[in-house]
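Asker: You'll find model_9.cif just under this line, and it carries mmCIF, C-alpha atoms.
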data_structure
#
loop_
_atom_site.group_PDB
_atom_site.id
_atom_site.type_symbol
_atom_site.label_atom_id
_atom_site.label_comp_id
_atom_site.auth_asym_id
_atom_site.auth_seq_id
_atom_site.Cartn_x
_atom_site.Cartn_y
_atom_site.Cartn_z
ATOM 1 C CA MET A 1 0.000 0.000 0.000
ATOM 2 C CA LYS A 2 1.213 3.507 -0.862
ATOM 3 C CA SER A 3 0.687 6.702 1.060
ATOM 4 C CA TYR A 4 0.818 10.281 -0.234
ATOM 5 C CA ARG A 5 0.601 13.563 1.678
ATOM 6 C CA GLN A 6 0.266 17.120 0.397
ATOM 7 C CA GLU A 7 -0.653 20.434 1.996
ATOM 8 C CA LEU A 8 -2.445 23.308 0.310
ATOM 9 C CA THR A 9 -2.239 26.842 1.673
ATOM 10 C CA VAL A 10 -5.073 29.316 1.234
ATOM 11 C CA ASN A 11 -5.389 32.942 2.284
ATOM 12 C CA THR A 12 -8.818 34.435 1.714
ATOM 13 C CA PRO A 13 -9.133 38.226 1.482
ATOM 14 C CA THR A 14 -12.401 38.064 3.446
ATOM 15 C CA ARG A 15 -13.338 36.728 6.880
ATOM 16 C CA ARG A 16 -15.671 34.120 5.362
ATOM 17 C CA ALA A 17 -15.468 32.329 2.023
ATOM 18 C CA PHE A 18 -16.237 29.066 0.272
ATOM 19 C CA LEU A 19 -13.558 27.852 -2.143
ATOM 20 C CA ASN A 20 -13.923 24.957 -4.578
ATOM 21 C CA ILE A 21 -10.684 23.012 -4.060
ATOM 22 C CA THR A 22 -11.657 20.028 -6.209
ATOM 23 C CA PRO A 23 -9.104 20.812 -8.966
ATOM 24 C CA GLN A 24 -6.240 20.996 -6.449
ATOM 25 C CA VAL A 25 -7.354 17.759 -4.784
ATOM 26 C CA GLU A 26 -7.606 16.019 -8.174
ATOM 27 C CA GLU A 27 -4.095 17.228 -9.018
ATOM 28 C CA ALA A 28 -2.789 15.781 -5.747
ATOM 29 C CA LEU A 29 -4.474 12.484 -6.592
ATOM 30 C CA ARG A 30 -2.778 12.437 -10.022
ATOM 31 C CA ALA A 31 0.581 13.237 -8.402
ATOM 32 C CA SER A 32 0.136 10.385 -5.920
ATOM 33 C CA GLY A 33 -0.150 7.730 -8.628
ATOM 34 C CA ILE A 34 -2.724 5.936 -6.481
ATOM 35 C CA ARG A 35 -5.492 4.300 -8.515
ATOM 36 C CA GLU A 36 -7.563 2.541 -5.814
ATOM 37 C CA GLY A 37 -7.910 3.693 -2.235
ATOM 38 C CA LEU A 38 -9.139 6.504 -0.037
ATOM 39 C CA LEU A 39 -8.492 10.229 0.023
ATOM 40 C CA LEU A 40 -8.817 12.293 3.183
ATOM 41 C CA CYS A 41 -8.990 16.072 2.928
ATOM 42 C CA ASN A 42 -9.221 18.185 6.074
ATOM 43 C CA ALA A 43 -8.847 21.727 7.307
ATOM 44 C CA MET A 44 -5.869 22.073 9.612
ATOM 45 C CA HIS A 45 -7.404 24.985 11.513
ATOM 46 C CA ILE A 46 -10.257 25.035 14.018
ATOM 47 C CA THR A 47 -12.044 27.919 12.300
ATOM 48 C CA ALA A 48 -12.207 26.340 8.838
ATOM 49 C CA SER A 49 -13.982 23.405 7.237
ATOM 50 C CA VAL A 50 -13.777 20.970 4.334
ATOM 51 C CA PHE A 51 -17.064 19.605 3.010
ATOM 52 C CA ILE A 52 -18.683 18.135 -0.094
ATOM 53 C CA ASN A 53 -21.618 19.759 -1.840
ATOM 54 C CA ASP A 54 -22.786 21.393 -5.072
ATOM 55 C CA ASP A 55 -20.864 24.291 -6.638
ATOM 56 C CA GLU A 56 -23.806 26.666 -6.900
ATOM 57 C CA ASP A 57 -23.640 30.317 -5.815
ATOM 58 C CA GLY A 58 -27.215 30.402 -4.496
ATOM 59 C CA LEU A 59 -26.517 27.416 -2.263
ATOM 60 C CA HIS A 60 -23.327 29.032 -0.954
ATOM 61 C CA GLY A 61 -25.297 32.175 -0.128
ATOM 62 C CA ASP A 62 -27.855 29.996 1.651
ATOM 63 C CA PHE A 63 -25.028 28.389 3.700
ATOM 64 C CA GLU A 64 -23.721 31.843 4.642
ATOM 65 C CA ARG A 65 -27.134 33.101 5.789
ATOM 66 C CA TRP A 66 -27.933 29.840 7.636
ATOM 67 C CA LEU A 67 -24.605 29.811 9.457
ATOM 68 C CA GLU A 68 -24.915 33.478 10.379
ATOM 69 C CA ARG A 69 -28.383 32.845 11.863
ATOM 70 C CA LEU A 70 -27.098 29.903 13.920
ATOM 71 C CA ALA A 71 -23.816 31.503 15.035
ATOM 72 C CA PRO A 72 -23.837 35.240 14.336
ATOM 73 C CA GLU A 73 -20.474 36.978 14.283
ATOM 74 C CA LYS A 74 -21.715 40.035 16.184
ATOM 75 C CA PRO A 75 -22.100 41.213 18.814
ATOM 76 C CA HIS A 76 -18.704 39.772 19.735
ATOM 77 C CA GLU A 77 -19.403 40.073 23.450
ATOM 78 C CA GLN A 78 -22.189 37.454 23.260
ATOM 79 C CA TYR A 79 -19.506 34.731 23.386
ATOM 80 C CA ALA A 80 -17.411 33.804 26.436
ATOM 81 C CA HIS A 81 -14.551 32.781 24.088
ATOM 82 C CA ASN A 82 -14.225 36.330 22.765
ATOM 83 C CA GLY A 83 -12.189 37.730 25.636
ATOM 84 C CA PHE A 84 -8.975 37.986 23.616
ATOM 85 C CA GLU A 85 -10.297 37.041 20.176
ATOM 86 C CA ASP A 86 -13.401 37.773 18.123
ATOM 87 C CA ASN A 87 -13.842 34.413 16.403
ATOM 88 C CA ALA A 88 -16.103 32.268 18.590
ATOM 89 C CA ASP A 89 -18.669 32.255 15.786
ATOM 90 C CA ALA A 90 -16.045 30.804 13.416
ATOM 91 C CA HIS A 91 -15.421 27.875 15.768
ATOM 92 C CA MET A 92 -19.155 27.137 15.866
ATOM 93 C CA LYS A 93 -19.561 27.438 12.097
ATOM 94 C CA ARG A 94 -16.742 24.925 11.652
ATOM 95 C CA GLN A 95 -18.545 22.475 13.962
ATOM 96 C CA LEU A 96 -21.638 22.726 11.789
ATOM 97 C CA MET A 97 -19.863 22.330 8.429
ATOM 98 C CA GLY A 98 -17.399 19.662 9.560
ATOM 99 C CA ARG A 99 -13.667 19.146 9.601
ATOM 100 C CA GLU A 100 -12.978 16.716 6.761
ATOM 101 C CA VAL A 101 -14.133 14.559 3.921
ATOM 102 C CA VAL A 102 -13.130 11.058 2.871
ATOM 103 C CA VAL A 103 -13.610 10.149 -0.782
ATOM 104 C CA ALA A 104 -13.159 6.759 -2.431
ATOM 105 C CA VAL A 105 -10.590 6.616 -5.214
ATOM 106 C CA THR A 106 -11.573 4.342 -8.092
ATOM 107 C CA GLY A 107 -9.615 4.032 -11.312
ATOM 108 C CA GLY A 108 -7.428 6.990 -10.321
ATOM 109 C CA LYS A 109 -10.405 9.342 -9.942
ATOM 110 C CA LEU A 110 -12.459 10.714 -7.071
ATOM 111 C CA ASP A 111 -15.552 8.515 -6.843
ATOM 112 C CA PHE A 112 -18.122 11.322 -6.640
ATOM 113 C CA GLY A 113 -21.880 11.359 -7.000
ATOM 114 C CA THR A 114 -23.569 13.755 -9.393
ATOM 115 C CA TRP A 115 -22.620 17.397 -8.742
ATOM 116 C CA GLU A 116 -20.332 16.592 -5.792
ATOM 117 C CA GLN A 117 -17.329 18.876 -5.335
ATOM 118 C CA ILE A 118 -14.919 19.470 -2.443
ATOM 119 C CA PHE A 119 -15.018 22.852 -0.730
ATOM 120 C CA TYR A 120 -12.932 24.689 1.801
ATOM 121 C CA GLY A 121 -15.045 26.814 4.133
ATOM 122 C CA GLU A 122 -13.255 29.737 5.743
ATOM 123 C CA PHE A 123 -14.900 31.347 8.770
ATOM 124 C CA ASP A 124 -12.038 33.476 10.170
ATOM 125 C CA GLY A 125 -9.860 34.330 7.191
ATOM 126 C CA LYS A 126 -7.440 37.016 6.072
ATOM 127 C CA ARG A 127 -4.392 34.908 6.954
ATOM 128 C CA PRO A 128 -2.685 31.775 5.589
ATOM 129 C CA LYS A 129 -4.318 28.487 6.502
ATOM 130 C CA ARG A 130 -3.483 24.895 5.582
ATOM 131 C CA ILE A 131 -5.471 22.038 4.103
ATOM 132 C CA LEU A 132 -4.204 18.444 4.351
ATOM 133 C CA ILE A 133 -4.641 15.907 1.567
ATOM 134 C CA LYS A 134 -3.727 12.339 2.558
ATOM 135 C CA ILE A 135 -4.193 9.490 0.118
ATOM 136 C CA ILE A 136 -3.676 5.776 0.806
ATOM 137 C CA GLY A 137 -4.069 2.887 -1.581
ATOM 138 C CA GLU A 138 -2.453 1.157 -4.511
#
How does this structure look as structure tokens?
Answerer:
Amino acid sequence: MKSYRQELTVNTPTRRAFLNITPQVEEALRASGIREGLLLCNAMHITASVFINDDEDGLHGDFERWLERLAPEKPHEQYAHNGFEDNADAHMKRQLMGREVVVAVTGGKLDFGTWEQIFYGEFDGKRPKRILIKIIGE
């Protein structure tokens, strides 16, 4: 069995963003040479997420509004965590959207359902953050 590891670095210009990272993940899979196995992709920060869904702007806007209703950024003082920081909402948004995805690799390709894509969700951006891609298989 082979193992392959790669990190991506992202730096969003905004506090919150959804980035389609499918092309970068597919490139890592090609570089790995693995044809059958599993691919793990996870955010390496506690205020960011990796998830699978449709690449549709309306849906991303719906996610943003839904997350903001459940864990509003402001007022900052509503959160006990925000004594030295102002990102408690980002931690909660990450819990809702999840940390990672695992995708089957079949025939050297991501074994997706219709419309599935991999996204990075940033909830406390404006600085470099890392994404891990780990692939195991043959």
Asker: May I ask for the distance between atom CA of Arg65 of chain A and atom CA of Lys126 of chain A, given in Å to one decimal place?
Answerer: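 Rounded to one decimal, the two atoms are 20.1 Å apart.
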Asker: Rounded to one decimal in Å, what is the spacing between atom CA of Leu19 of chain A and atom CA of Ala90 of chain A?
Answerer: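 Separation of atom CA of Leu19 of chain A and atom CA of Ala90 of chain A: 16.0 Å.
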Asker: Can you list, as an MDAnalysis selection string, the residues that the PyMOL selection byres ((chain A and resi 89) around 7) selects here?
Answerer: chainID A and resid 71:73 87:88 90:93
Asker: Export C-alpha atoms of the chosen residues as an mmCIF file, in the coordinates of the input?
Answerer:
data_model
loop_
_atom_site.group_PDB
_atom_site.id
_atom_site.type_symbol
_atom_site.label_atom_id
_atom_site.label_comp_id
_atom_site.auth_asym_id
_atom_site.auth_seq_id
_atom_site.Cartn_x
_atom_site.Cartn_y
_atom_site.Cartn_z
ATOM 1 C CA ALA A 71 -23.816 31.503 15.035
ATOM 2 C CA PRO A 72 -23.837 35.240 14.336
ATOM 3 C CA GLU A 73 -20.474 36.978 14.283
ATOM 4 C CA ASN A 87 -13.842 34.413 16.403
ATOM 5 C CA ALA A 88 -16.103 32.268 18.590
ATOM 6 C CA ALA A 90 -16.045 30.804 13.416
ATOM 7 C CA HIS A 91 -15.421 27.875 15.768
ATOM 8 C CA MET A 92 -19.155 27.137 15.866
ATOM 9 C CA LYS A 93 -19.561 27.438 12.097
#
Asker: Using all atoms listed in the file, which protein or nucleic acid residues come within 7 Å of Gly37 of chain A? Drop anything in the same chain fewer than 4 positions from it, and give the result as a compact mmCIF listing (two decimals) with C-alpha atoms, in the coordinates of the input.
Answerer:
# COMPACT_ATOMS: atom_id res chain seq x y z
CA ALA A 104 -13.16 6.76 -2.43
CA VAL A 105 -10.59 6.62 -5.21
CA THR A 106 -11.57 4.34 -8.09
CA ILE A 136 -3.68 5.78 0.81
CA GLY A 137 -4.07 2.89 -1.58
CA GLU A 138 -2.45 1.16 -4.51
Asker: Can you translate the PyMOL selection byres ((chain A and resi 22) around 10) into the concrete residues it hits in this file, as a ChimeraX atom specification?
Answerer: /A:19-21,23-28,52,110,116-120
Asker: Would you mind listing, for every residue of segment 25-119 of chain A within 10 Å of segment 1-4 of chain A, the two atoms forming the shortest contact and the distance between them in Å to one decimal, using only C-alpha atoms, sorted by chain and ascending residue number, as CSV?
Answerer:
residue,atom,partner,partner_atom,distance
A:Ala28,CA,A:Tyr4,CA,8.6
A:Leu29,CA,A:Tyr4,CA,8.6
A:Ala31,CA,A:Tyr4,CA,8.7
A:Ser32,CA,A:Tyr4,CA,5.7
A:Gly33,CA,A:Tyr4,CA,8.8
A:Ile34,CA,A:Lys2,CA,7.3
A:Glu36,CA,A:Met1,CA,9.9
A:Gly37,CA,A:Met1,CA,9.0
A:Leu38,CA,A:Ser3,CA,9.9
A:Leu39,CA,A:Tyr4,CA,9.3
Asker: Starting from the PyMOL selection byres ((chain A and resi 11) around 10), expand the selection into actual residues of this file and give them as a list in words.
Answerer: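 After applying the PyMOL selection byres ((chain A and resi 11) around 10), what remains is Thr9, Val10, Thr12, Pro13, Thr14, Arg15, Glu122, Gly125, Lys126, Arg127, Pro128, Lys129 and Arg130 of chain A.
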Asker: Out of A:Ile135, A:Leu96, A:Ala48, A:Asn53, which residue has the shortest atom-to-atom distance to Glu68 of chain A when counting all atoms listed in the file?
Answerer: A:Leu96
Asker: What does the structure give for the distance between atom CA of Arg94 of chain A and atom CA of Gln6 of chain A, in Å to one decimal?
Answerer: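 Calculated distance between atom CA of Arg94 of chain A and atom CA of Gln6 of chain A is 21.8 Å.
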Asker: Of the candidates A:Lys134, A:His45, A:Lys109, A:His76, which one gets nearest to Gln95 of chain A if we count all atoms listed in the file?
Answerer: A:His45
Asker: Report as a PyMOL selection string all protein, DNA and RNA residues lying within 10 Å of Asp86 of chain A, evaluated on only C-alpha atoms, omitting residues in the same chain fewer than 6 positions from it.
Answerer: chain A and resi 73-77+79+124
Asker: For a quick check of understanding, using only C-alpha atoms, which of A:His60, A:Arg99, A:Arg69, A:His81 has the smallest distance to Phe18 of chain A?
Answerer: A:His60
Asker: Go through A:Ala17, A:Ile131, A:Leu70, A:Val103 and flag the residue nearest Ile46 of chain A, using only C-alpha atoms for the distances.
Answerer: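 The answer is A:Ile131, which sits nearest to Ile46 of chain A.
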Asker: Save segment 38-138 of chain A of the structure in the block above to a file, with C-alpha atoms included, as a tab-separated table (two decimals), in the first residue's frame.
Answerer:
chain	number	residue	atom	x	y	z
A	38	LEU	CA	-9.14	6.50	-0.04
A	39	LEU	CA	-8.49	10.23	0.02
A	40	LEU	CA	-8.82	12.29	3.18
A	41	CYS	CA	-8.99	16.07	2.93
A	42	ASN	CA	-9.22	18.18	6.07
A	43	ALA	CA	-8.85	21.73	7.31
A	44	MET	CA	-5.87	22.07	9.61
A	45	HIS	CA	-7.40	24.98	11.51
A	46	ILE	CA	-10.26	25.04	14.02
A	47	THR	CA	-12.04	27.92	12.30
A	48	ALA	CA	-12.21	26.34	8.84
A	49	SER	CA	-13.98	23.40	7.24
A	50	VAL	CA	-13.78	20.97	4.33
A	51	PHE	CA	-17.06	19.60	3.01
A	52	ILE	CA	-18.68	18.14	-0.09
A	53	ASN	CA	-21.62	19.76	-1.84
A	54	ASP	CA	-22.79	21.39	-5.07
A	55	ASP	CA	-20.86	24.29	-6.64
A	56	GLU	CA	-23.81	26.67	-6.90
A	57	ASP	CA	-23.64	30.32	-5.82
A	58	GLY	CA	-27.21	30.40	-4.50
A	59	LEU	CA	-26.52	27.42	-2.26
A	60	HIS	CA	-23.33	29.03	-0.95
A	61	GLY	CA	-25.30	32.18	-0.13
A	62	ASP	CA	-27.85	30.00	1.65
A	63	PHE	CA	-25.03	28.39	3.70
A	64	GLU	CA	-23.72	31.84	4.64
A	65	ARG	CA	-27.13	33.10	5.79
A	66	TRP	CA	-27.93	29.84	7.64
A	67	LEU	CA	-24.61	29.81	9.46
A	68	GLU	CA	-24.91	33.48	10.38
A	69	ARG	CA	-28.38	32.85	11.86
A	70	LEU	CA	-27.10	29.90	13.92
A	71	ALA	CA	-23.82	31.50	15.03
A	72	PRO	CA	-23.84	35.24	14.34
A	73	GLU	CA	-20.47	36.98	14.28
A	74	LYS	CA	-21.71	40.04	16.18
A	75	PRO	CA	-22.10	41.21	18.81
A	76	HIS	CA	-18.70	39.77	19.73
A	77	GLU	CA	-19.40	40.07	23.45
A	78	GLN	CA	-22.19	37.45	23.26
A	79	TYR	CA	-19.51	34.73	23.39
A	80	ALA	CA	-17.41	33.80	26.44
A	81	HIS	CA	-14.55	32.78	24.09
A	82	ASN	CA	-14.23	36.33	22.77
A	83	GLY	CA	-12.19	37.73	25.64
A	84	PHE	CA	-8.97	37.99	23.62
A	85	GLU	CA	-10.30	37.04	20.18
A	86	ASP	CA	-13.40	37.77	18.12
A	87	ASN	CA	-13.84	34.41	16.40
A	88	ALA	CA	-16.10	32.27	18.59
A	89	ASP	CA	-18.67	32.25	15.79
A	90	ALA	CA	-16.04	30.80	13.42
A	91	HIS	CA	-15.42	27.88	15.77
A	92	MET	CA	-19.15	27.14	15.87
A	93	LYS	CA	-19.56	27.44	12.10
A	94	ARG	CA	-16.74	24.93	11.65
A	95	GLN	CA	-18.55	22.47	13.96
A	96	LEU	CA	-21.64	22.73	11.79
A	97	MET	CA	-19.86	22.33	8.43
A	98	GLY	CA	-17.40	19.66	9.56
A	99	ARG	CA	-13.67	19.15	9.60
A	100	GLU	CA	-12.98	16.72	6.76
A	101	VAL	CA	-14.13	14.56	3.92
A	102	VAL	CA	-13.13	11.06	2.87
A	103	VAL	CA	-13.61	10.15	-0.78
A	104	ALA	CA	-13.16	6.76	-2.43
A	105	VAL	CA	-10.59	6.62	-5.21
A	106	THR	CA	-11.57	4.34	-8.09
A	107	GLY	CA	-9.61	4.03	-11.31
A	108	GLY	CA	-7.43	6.99	-10.32
A	109	LYS	CA	-10.40	9.34	-9.94
A	110	LEU	CA	-12.46	10.71	-7.07
A	111	ASP	CA	-15.55	8.52	-6.84
A	112	PHE	CA	-18.12	11.32	-6.64
A	113	GLY	CA	-21.88	11.36	-7.00
A	114	THR	CA	-23.57	13.76	-9.39
A	115	TRP	CA	-22.62	17.40	-8.74
A	116	GLU	CA	-20.33	16.59	-5.79
A	117	GLN	CA	-17.33	18.88	-5.34
A	118	ILE	CA	-14.92	19.47	-2.44
A	119	PHE	CA	-15.02	22.85	-0.73
A	120	TYR	CA	-12.93	24.69	1.80
A	121	GLY	CA	-15.04	26.81	4.13
A	122	GLU	CA	-13.25	29.74	5.74
A	123	PHE	CA	-14.90	31.35	8.77
A	124	ASP	CA	-12.04	33.48	10.17
A	125	GLY	CA	-9.86	34.33	7.19
A	126	LYS	CA	-7.44	37.02	6.07
A	127	ARG	CA	-4.39	34.91	6.95
A	128	PRO	CA	-2.68	31.78	5.59
A	129	LYS	CA	-4.32	28.49	6.50
A	130	ARG	CA	-3.48	24.89	5.58
A	131	ILE	CA	-5.47	22.04	4.10
A	132	LEU	CA	-4.20	18.44	4.35
A	133	ILE	CA	-4.64	15.91	1.57
A	134	LYS	CA	-3.73	12.34	2.56
A	135	ILE	CA	-4.19	9.49	0.12
A	136	ILE	CA	-3.68	5.78	0.81
A	137	GLY	CA	-4.07	2.89	-1.58
A	138	GLU	CA	-2.45	1.16	-4.51
